[in-house]
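Trainee: Just so it is clear, I am handing over structure_39.cif, which has mmCIF, C-alpha atoms and all ligand atoms.
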```cif
data_run
loop_
_atom_site.label_atom_id
_atom_site.label_comp_id
_atom_site.auth_asym_id
_atom_site.auth_seq_id
_atom_site.Cartn_x
_atom_site.Cartn_y
_atom_site.Cartn_z
CA MET T 121 -1.40 -71.44 34.20
CA ALA T 122 0.83 -70.05 36.94
CA ASN T 123 1.02 -69.39 40.67
CA ILE T 124 0.58 -65.65 41.17
CA ILE T 125 0.69 -63.33 44.19
CA LEU T 126 -1.25 -60.06 44.38
CA ILE T 127 0.15 -57.83 47.11
CA GLY T 128 -0.47 -54.26 48.24
CA PRO T 129 -1.87 -52.08 51.00
CA PRO T 130 -5.51 -52.24 52.15
CA GLY T 131 -7.77 -50.71 49.53
CA ALA T 132 -5.15 -50.98 46.76
CA GLY T 133 -7.62 -52.91 44.61
CA LYS T 134 -6.33 -56.46 45.11
CA GLY T 135 -9.82 -57.96 45.40
CA THR T 136 -11.10 -55.90 42.46
CA GLN T 137 -8.27 -57.06 40.19
CA ALA T 138 -8.45 -60.66 41.48
CA GLU T 139 -12.09 -60.86 40.41
CA MET T 140 -11.20 -59.60 36.90
CA LEU T 141 -8.16 -61.91 36.57
CA LYS T 142 -10.19 -64.88 37.76
CA LYS T 143 -12.68 -64.30 34.94
CA LYS T 144 -10.04 -63.81 32.26
CA TYR T 145 -7.78 -66.75 33.17
CA ASN T 146 -10.35 -69.04 34.80
CA ILE T 147 -8.00 -69.46 37.74
CA PRO T 148 -8.96 -69.95 41.42
CA CYS T 149 -8.51 -66.77 43.39
CA ILE T 150 -7.70 -67.35 47.05
CA SER T 151 -8.35 -64.40 49.35
CA THR T 152 -7.33 -65.24 52.91
CA GLY T 153 -9.37 -62.22 54.08
CA GLN T 154 -12.49 -63.61 52.39
CA ILE T 155 -11.91 -67.12 53.84
CA LEU T 156 -11.71 -65.52 57.30
CA ARG T 157 -14.84 -63.42 56.72
CA ASN T 158 -16.73 -66.58 55.72
CA HIS T 159 -15.68 -68.14 59.04
CA LEU T 160 -16.87 -65.02 60.89
CA GLN T 161 -20.20 -65.13 59.10
CA GLN T 162 -20.70 -68.82 59.85
CA ASN T 163 -19.53 -68.24 63.44
CA THR T 164 -17.11 -71.19 63.36
CA ALA T 165 -14.55 -71.77 66.16
CA LEU T 166 -11.87 -70.39 63.84
CA GLY T 167 -14.02 -67.34 63.12
CA GLN T 168 -14.49 -66.70 66.84
CA GLU T 169 -10.74 -67.02 67.40
CA CYS T 170 -9.85 -64.61 64.57
CA LYS T 171 -12.58 -61.95 65.05
CA GLN T 172 -10.58 -59.99 67.63
CA TYR T 173 -7.70 -59.53 65.17
CA ILE T 174 -9.77 -58.79 62.07
CA ASP T 175 -12.04 -56.18 63.66
CA LYS T 176 -9.02 -54.33 65.09
CA GLY T 177 -7.19 -54.49 61.76
CA GLN T 178 -4.42 -56.68 63.12
CA LEU T 179 -2.92 -59.70 61.39
CA VAL T 180 -4.18 -63.13 62.37
CA PRO T 181 -1.27 -65.20 63.81
CA ASP T 182 0.98 -66.80 61.19
CA ASN T 183 0.42 -70.40 62.34
CA VAL T 184 -3.37 -70.03 61.95
CA ILE T 185 -3.28 -68.44 58.50
CA VAL T 186 -0.56 -70.76 57.17
CA GLU T 187 -2.71 -73.80 58.02
CA ILE T 188 -5.75 -72.23 56.32
CA LEU T 189 -3.75 -71.60 53.17
CA LYS T 190 -2.11 -75.04 53.15
CA ASP T 191 -5.56 -76.67 53.32
CA ARG T 192 -6.89 -74.51 50.50
CA LEU T 193 -3.89 -75.08 48.22
CA SER T 194 -4.25 -78.85 48.62
CA GLU T 195 -7.64 -78.71 46.88
CA LYS T 196 -7.78 -80.03 43.35
CA ASP T 197 -8.69 -76.75 41.64
CA CYS T 198 -5.32 -75.27 42.70
CA HIS T 199 -3.18 -77.87 40.99
CA ASN T 200 -2.97 -75.92 37.72
CA GLY T 201 -2.22 -72.52 39.17
CA PHE T 202 -3.82 -70.01 41.52
CA LEU T 203 -3.92 -66.37 42.44
CA LEU T 204 -3.22 -65.38 46.06
CA ASP T 205 -4.90 -62.19 47.31
CA GLY T 206 -3.67 -61.20 50.78
CA PHE T 207 -1.07 -63.91 51.36
CA PRO T 208 1.83 -63.82 52.21
CA ARG T 209 1.75 -60.72 54.43
CA THR T 210 4.72 -61.54 56.68
CA LEU T 211 8.18 -62.92 55.97
CA ALA T 212 7.23 -66.03 57.97
CA GLN T 213 4.25 -66.59 55.62
CA ALA T 214 6.51 -66.16 52.56
CA GLN T 215 8.90 -68.67 54.14
CA SER T 216 6.04 -71.15 54.57
CA LEU T 217 5.48 -71.18 50.80
CA LEU T 218 9.15 -71.98 50.29
CA SER T 219 9.07 -74.76 52.93
CA GLU T 220 6.01 -76.29 51.27
CA GLY T 221 7.79 -76.20 47.90
CA VAL T 222 5.21 -73.84 46.41
CA GLU T 223 6.80 -72.02 43.48
CA ILE T 224 5.61 -68.56 42.54
CA GLN T 225 5.81 -67.45 38.90
CA ALA T 226 4.74 -63.80 39.27
CA ILE T 227 4.29 -61.14 41.93
CA LEU T 228 1.94 -58.24 41.20
CA TYR T 229 2.40 -55.33 43.60
CA ILE T 230 -0.42 -52.77 43.48
CA ASN T 231 0.86 -49.53 44.90
CA VAL T 232 -1.34 -46.62 46.14
CA VAL T 233 -0.83 -43.66 48.49
CA ASP T 234 -2.50 -43.50 51.92
CA GLU T 235 -4.93 -40.64 51.10
CA MET T 236 -6.48 -42.73 48.37
CA ILE T 237 -6.83 -45.74 50.66
CA ILE T 238 -9.09 -43.88 53.09
CA SER T 239 -11.51 -42.66 50.39
CA ARG T 240 -11.62 -46.09 48.75
CA LEU T 241 -12.34 -48.01 51.93
CA SER T 242 -14.91 -45.58 53.30
CA GLY T 243 -17.00 -45.86 50.12
CA ARG T 244 -16.64 -49.61 49.67
CA TRP T 245 -19.67 -51.94 49.58
CA MET T 246 -19.45 -55.70 49.38
CA HIS T 247 -21.51 -58.75 48.54
CA ALA T 248 -20.94 -60.83 51.70
CA ALA T 249 -21.17 -64.33 50.22
CA SER T 250 -18.85 -63.83 47.23
CA GLY T 251 -16.69 -60.91 48.40
CA ARG T 252 -17.57 -58.99 45.19
CA THR T 253 -16.68 -55.40 45.81
CA TYR T 254 -18.13 -52.06 44.70
CA HIS T 255 -17.50 -48.41 45.46
CA GLU T 256 -20.28 -45.87 45.78
CA ARG T 257 -18.43 -43.39 43.54
CA PHE T 258 -15.64 -45.25 41.68
CA ASN T 259 -17.40 -48.52 40.86
CA PRO T 260 -21.13 -48.33 41.69
CA PRO T 261 -23.39 -51.37 41.34
CA ASN T 262 -26.05 -51.22 38.61
CA ASN T 263 -28.79 -51.10 41.24
CA PRO T 264 -27.63 -49.03 44.27
CA GLY T 265 -27.09 -51.21 47.38
CA HIS T 266 -27.46 -54.50 45.46
CA ASP T 267 -25.05 -57.04 43.97
CA ASP T 268 -24.94 -57.07 40.14
CA VAL T 269 -24.87 -60.88 39.90
CA THR T 270 -27.32 -62.09 42.57
CA GLY T 271 -29.32 -58.91 43.29
CA GLU T 272 -28.72 -59.50 47.03
CA PRO T 273 -28.14 -56.54 49.39
CA LEU T 274 -24.59 -55.22 49.81
CA ILE T 275 -22.94 -54.65 53.21
CA GLN T 276 -20.03 -52.60 54.58
CA ARG T 277 -17.10 -54.53 56.07
CA SER T 278 -16.84 -54.49 59.88
CA ASP T 279 -13.10 -53.69 59.59
CA ASP T 280 -13.61 -50.62 57.37
CA THR T 281 -13.62 -48.34 60.44
CA GLN T 282 -11.14 -45.49 60.93
CA GLU T 283 -9.37 -47.29 63.77
CA SER T 284 -9.05 -50.57 61.91
CA ILE T 285 -7.88 -48.91 58.68
CA LYS T 286 -5.17 -47.12 60.69
CA ASN T 287 -3.99 -50.44 62.17
CA ARG T 288 -4.11 -52.22 58.79
CA LEU T 289 -1.83 -49.53 57.37
CA ILE T 290 0.55 -49.88 60.31
CA SER T 291 0.77 -53.65 59.91
CA PHE T 292 1.17 -53.26 56.13
CA ARG T 293 4.24 -51.07 56.67
CA LYS T 294 5.72 -53.12 59.48
CA ASP T 295 5.02 -56.68 58.32
CA THR T 296 4.17 -56.65 54.60
CA GLN T 297 6.59 -54.04 53.22
CA PRO T 298 9.52 -56.40 54.04
CA VAL T 299 7.74 -59.12 52.01
CA ILE T 300 7.53 -56.75 49.02
CA ASP T 301 11.22 -55.86 49.42
CA TYR T 302 12.03 -59.58 49.50
CA TYR T 303 10.07 -60.28 46.28
CA LYS T 304 11.56 -57.29 44.41
CA THR T 305 14.46 -59.45 43.25
CA HIS T 306 12.09 -62.08 41.75
CA LYS T 307 12.45 -62.13 37.95
CA ASN T 308 8.70 -61.55 37.44
CA PHE T 309 7.97 -58.76 39.92
CA LEU T 310 5.65 -55.98 38.72
CA ASP T 311 5.12 -52.67 40.55
CA VAL T 312 1.87 -51.20 39.19
CA ASP T 313 0.36 -47.78 39.90
CA GLY T 314 -2.97 -48.62 41.58
CA SER T 315 -4.22 -45.03 41.40
CA GLU T 316 -5.20 -45.58 37.76
CA THR T 317 -8.71 -46.76 36.86
CA PRO T 318 -9.47 -50.47 37.49
CA GLU T 319 -9.47 -51.05 33.70
CA LYS T 320 -6.03 -49.44 33.24
CA VAL T 321 -4.54 -51.39 36.16
CA PHE T 322 -6.05 -54.57 34.72
CA ALA T 323 -4.55 -53.86 31.28
CA THR T 324 -1.08 -53.40 32.83
CA LEU T 325 -1.40 -56.60 34.86
CA THR T 326 -2.58 -58.71 31.94
CA SER T 327 0.04 -57.47 29.49
CA PHE T 328 2.71 -58.29 32.08
CA LEU T 329 1.19 -61.73 32.73
CA GLU T 330 1.22 -62.48 28.99
CA THR T 331 5.02 -62.08 29.03
CA VAL T 332 5.21 -64.45 32.00
CA LEU T 333 2.84 -67.06 30.57
CA HIS T 334 4.18 -66.90 26.99
CA PRO T 335 7.83 -65.81 27.27
P1 LIG T 401 -8.10 -58.48 53.48
O1 LIG T 401 -9.49 -58.86 53.21
O2 LIG T 401 -7.02 -59.05 52.67
O3 LIG T 401 -8.02 -56.89 53.53
P2 LIG T 401 -6.89 -55.80 53.11
O4 LIG T 401 -5.55 -56.34 52.80
O5 LIG T 401 -6.96 -54.77 54.17
O6 LIG T 401 -7.33 -55.33 51.74
P3 LIG T 401 -8.78 -54.91 51.28
O7 LIG T 401 -9.57 -56.13 50.99
O8 LIG T 401 -9.33 -53.92 52.26
O9 LIG T 401 -8.43 -54.10 49.96
P4 LIG T 401 -8.23 -54.58 48.46
O10 LIG T 401 -6.82 -54.30 48.08
O11 LIG T 401 -8.74 -55.96 48.23
O12 LIG T 401 -9.13 -53.50 47.71
P5 LIG T 401 -10.55 -53.65 46.96
O13 LIG T 401 -10.35 -54.32 45.64
O14 LIG T 401 -11.58 -54.17 47.88
O15 LIG T 401 -7.77 -58.84 55.02
C1 LIG T 401 -8.67 -58.49 56.04
C2 LIG T 401 -8.12 -58.94 57.38
O16 LIG T 401 -8.00 -60.38 57.42
C3 LIG T 401 -6.71 -58.44 57.74
O17 LIG T 401 -6.72 -57.14 58.30
C4 LIG T 401 -6.25 -59.51 58.74
O18 LIG T 401 -6.83 -59.31 60.00
C5 LIG T 401 -6.83 -60.78 58.13
N1 LIG T 401 -5.90 -61.44 57.18
C6 LIG T 401 -6.13 -61.66 55.85
N2 LIG T 401 -5.07 -62.26 55.28
C7 LIG T 401 -4.15 -62.43 56.27
C8 LIG T 401 -2.83 -62.97 56.30
N3 LIG T 401 -2.24 -63.47 55.20
N4 LIG T 401 -2.17 -62.96 57.48
C9 LIG T 401 -2.73 -62.48 58.62
N5 LIG T 401 -3.98 -61.94 58.65
C10 LIG T 401 -4.68 -61.91 57.48
O19 LIG T 401 -10.82 -52.08 46.64
C11 LIG T 401 -11.12 -51.17 47.69
C12 LIG T 401 -12.20 -50.18 47.20
O20 LIG T 401 -11.68 -49.36 46.16
C13 LIG T 401 -13.45 -50.87 46.61
O21 LIG T 401 -14.57 -50.11 46.96
C14 LIG T 401 -13.21 -50.83 45.09
O22 LIG T 401 -14.42 -50.78 44.36
C15 LIG T 401 -12.41 -49.54 44.93
N6 LIG T 401 -11.39 -49.63 43.87
C16 LIG T 401 -10.59 -50.71 43.58
N7 LIG T 401 -9.74 -50.40 42.56
C17 LIG T 401 -9.99 -49.10 42.24
C18 LIG T 401 -9.41 -48.19 41.28
N8 LIG T 401 -8.41 -48.58 40.47
N9 LIG T 401 -9.91 -46.93 41.22
C19 LIG T 401 -10.92 -46.53 42.06
N10 LIG T 401 -11.49 -47.34 42.98
C20 LIG T 401 -11.03 -48.60 43.07
MG MG T 402 -9.61 -57.43 49.42
#
```
Output the file's structure as structure tokens, nothing else.
Mentor:
Amino acid sequence: MANIILIGPPGAGKGTQAEMLKKKYNIPCISTGQILRNHLQQNTALGQECKQYIDKGQLVPDNVIVEILKDRLSEKDCHNGFLLDGFPRTLAQAQSLLSEGVEIQAILYINVVDEMIISRLSGRWMHAASGRTYHERFNPPNNPGHDDVTGEPLIQRSDDTQESIKNRLISFRKDTQPVIDYYKTHKNFLDVDGSETPEKVFATLTSFLETVLHP
């Protein structure tokens, strides 16, 4: 398999596509946001340290997140490829991959306009334990308010508030846009229109990945 980065603004559909790609390619999908939310839920020391940033929609400091990712990538299931959802989000984080000798075979940039982001995030519902994501209009669960797989109740994310969404967009433009510009020269960089349906976006991503995996 390959080492793949999914990048894009909040609400672009990174988590939605990661879940579909994980199923198709049987590849571990590492969402730094979900790792942090698990720490918040379990009220660990790390969770307590990061809560102030996450709830405000600000980035967690680079040194903290880089250590989290390094630990995760050292696990055995990552040795044959992985999908990163939400990392790197700063040039320093991208640099940390280079310093660790982590090669990236493809970068998938999901691109959506701001107006769409607000409507997607305000209607989002999530299964807390797995991070599985639904939308009350665009991708409703089979049984309203309940996860399709476990049947457990769905929740809304504590950072899907107007204030936090505004800050997440600001940090996306300031810190993450330069990372996208940096990766644009990579030979396997894909810019995909995330305003299409999840199925259409998925079809574009997978046909691109086929050319990367079987050149
Ligand atoms: P993170 O969890 O990564 O949040 P985010 O980047 O703001 O992105 P989202 O998860 O909100 O959106 P998504 O693109 O995954 O969209 P989704 O598929 O859910 O990070 C959270 C926080 O953690 C950060 O703010 C920061 O504090 C911290 N953090 C994490 N990583 C960090 C890092 N590397 N460095 C520093 N701090 C870090 O879709 C959204 C909604 O739209 C859903 O309801 C979905 O059903 C729906 N939808 C999806 N696709 C479509 C479609 N094609 N059409 C219609 N609806 C769709
Ligand atoms: Mg996500």
Trainee: Give me the residues near stretch 182-199 of chain T as a PyMOL selection string, where near means some atom within 12 Å (using only C-alpha atoms) and where sequence neighbours in that chain fewer than 2 positions away do not count.
Mentor: chain T and resi 121-124+146-156+159+166-167+169-170+173+178-180+201-223+295
Trainee: For a quick check of understanding, using all atoms listed in the file, which of T:Lys294, T:Arg244, T:Lys144, T:Arg257 has the smallest distance to T:Gln276?
Mentor: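 Selected residue with least distance to T:Gln276: T:Arg244.
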Trainee: Please identify every polymer residue within 7 Å of ligand MG 402 (chain T), using all atoms listed in the file, and present the set as a VMD selection string.
Mentor: chain T and resid 131 133 to 135 153
Trainee: Restricted to C-alpha atoms, what would the selected residues look like written as a compact mmCIF listing (two decimals), keeping the file's coordinate frame?
Mentor:
```txt
# COMPACT_ATOMS: atom_id res chain seq x y z
CA GLY T 131 -7.77 -50.71 49.53
CA GLY T 133 -7.62 -52.91 44.61
CA LYS T 134 -6.33 -56.46 45.11
CA GLY T 135 -9.82 -57.96 45.40
CA GLY T 153 -9.37 -62.22 54.08
```
Trainee: What is the atom CA of T:Phe258-atom N7 of ligand LIG 401 (chain T) distance in Å, reported with one decimal?
Mentor: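 Here the two named atoms are 7.9 Å from each other.
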Trainee: Could you name the residues that touch stretch 321-335 of chain T at 12 Å or less, counting only C-alpha atoms, but leaving out those on the same chain fewer than 3 positions away, as a ChimeraX atom specification?
Mentor: /T:121-126,132-145,201,203,224-232,307-318
Trainee: Extending 5 Å beyond the listed atoms of ligand LIG 401 (chain T) on each side, what axis-aligned box results? I want centre and edge lengths in Å to one decimal, as lines of an AutoDock Vina configuration file.
Mentor:
```
center_x = -8.4
center_y = -55.0
center_z = 50.2
size_x = 22.4
size_y = 26.9
size_z = 29.5
```
Trainee: Separation of atom O8 of ligand LIG 401 (chain T) and atom CA of T:Ala248, in Å?
Mentor: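 Going from atom O8 of ligand LIG 401 (chain T) over to atom CA of T:Ala248 covers 13.5 Å.
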Trainee: When distances are computed from all atoms listed in the file, which of T:Gly265, T:Ile285, T:Gly271, T:Thr164 shows the smallest separation from ligand LIG 401 (chain T)?
Mentor: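 Ranked by minimum distance to ligand LIG 401 (chain T), first place goes to T:Ile285.
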Trainee: Might you pull out every residue within 12 Å of T:Leu241, with only C-alpha atoms counted and same-chain residues fewer than 3 positions away left off, and present them as a PDB file with C-alpha atoms, in the frame of the given file?
Mentor:
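For reference, around.pdb as written:
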```
ATOM      1  CA  PRO T 129      -1.870 -52.080  51.000  1.00  0.00           C
ATOM      2  CA  PRO T 130      -5.510 -52.240  52.150  1.00  0.00           C
ATOM      3  CA  GLY T 131      -7.770 -50.710  49.530  1.00  0.00           C
ATOM      4  CA  ALA T 132      -5.150 -50.980  46.760  1.00  0.00           C
ATOM      5  CA  GLY T 133      -7.620 -52.910  44.610  1.00  0.00           C
ATOM      6  CA  ASP T 234      -2.500 -43.500  51.920  1.00  0.00           C
ATOM      7  CA  GLU T 235      -4.930 -40.640  51.100  1.00  0.00           C
ATOM      8  CA  MET T 236      -6.480 -42.730  48.370  1.00  0.00           C
ATOM      9  CA  ILE T 237      -6.830 -45.740  50.660  1.00  0.00           C
ATOM     10  CA  ILE T 238      -9.090 -43.880  53.090  1.00  0.00           C
ATOM     11  CA  ARG T 244     -16.640 -49.610  49.670  1.00  0.00           C
ATOM     12  CA  TRP T 245     -19.670 -51.940  49.580  1.00  0.00           C
ATOM     13  CA  MET T 246     -19.450 -55.700  49.380  1.00  0.00           C
ATOM     14  CA  THR T 253     -16.680 -55.400  45.810  1.00  0.00           C
ATOM     15  CA  TYR T 254     -18.130 -52.060  44.700  1.00  0.00           C
ATOM     16  CA  HIS T 255     -17.500 -48.410  45.460  1.00  0.00           C
ATOM     17  CA  GLU T 256     -20.280 -45.870  45.780  1.00  0.00           C
ATOM     18  CA  ARG T 257     -18.430 -43.390  43.540  1.00  0.00           C
ATOM     19  CA  PHE T 258     -15.640 -45.250  41.680  1.00  0.00           C
ATOM     20  CA  GLN T 276     -20.030 -52.600  54.580  1.00  0.00           C
ATOM     21  CA  ARG T 277     -17.100 -54.530  56.070  1.00  0.00           C
ATOM     22  CA  SER T 278     -16.840 -54.490  59.880  1.00  0.00           C
ATOM     23  CA  ASP T 279     -13.100 -53.690  59.590  1.00  0.00           C
ATOM     24  CA  ASP T 280     -13.610 -50.620  57.370  1.00  0.00           C
ATOM     25  CA  THR T 281     -13.620 -48.340  60.440  1.00  0.00           C
ATOM     26  CA  GLN T 282     -11.140 -45.490  60.930  1.00  0.00           C
ATOM     27  CA  SER T 284      -9.050 -50.570  61.910  1.00  0.00           C
ATOM     28  CA  ILE T 285      -7.880 -48.910  58.680  1.00  0.00           C
ATOM     29  CA  LYS T 286      -5.170 -47.120  60.690  1.00  0.00           C
ATOM     30  CA  ARG T 288      -4.110 -52.220  58.790  1.00  0.00           C
ATOM     31  CA  LEU T 289      -1.830 -49.530  57.370  1.00  0.00           C
TER      32      LEU T 289
END
```
Trainee: Have a look at T:Glu272, T:Arg157, T:Ile127, T:Asp175 and name the one nearest to T:Phe292; count all atoms listed in the file.
Mentor: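 Result for the nearest residue to T:Phe292: T:Ile127.
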Trainee: Work out how far atom CA of T:Glu319 is from atom CA of T:Pro260, in Å to one decimal.
Mentor: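 If I compute the distance from atom CA of T:Pro260 to atom CA of T:Glu319, I get 14.4 Å.
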Trainee: Which residue is closest to ligand LIG 401 (chain T)? Choose from T:Thr305, T:Asn287, T:Asn158, T:Asn259 and count only C-alpha atoms and all ligand atoms.
Mentor: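 Going through T:Thr305, T:Asn287, T:Asn158, T:Asn259 one by one, the smallest distance to ligand LIG 401 (chain T) is for T:Asn259.
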Trainee: Of the candidates T:Asn200, T:Thr270, T:Ser242, T:Asn163, which shows the shortest atom-to-atom distance to ligand LIG 401 (chain T), using all atoms listed in the file?
Mentor: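 For ligand LIG 401 (chain T), the nearest of the candidates is T:Ser242.
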Trainee: Compare T:Ile300, T:Ile174, T:Ala165, T:Leu160 by their minimum atom-to-atom distance to ligand LIG 401 (chain T), counting all atoms listed in the file, and give me the closest one.
Mentor: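 Distance minimum relative to ligand LIG 401 (chain T) lands on T:Ile174.
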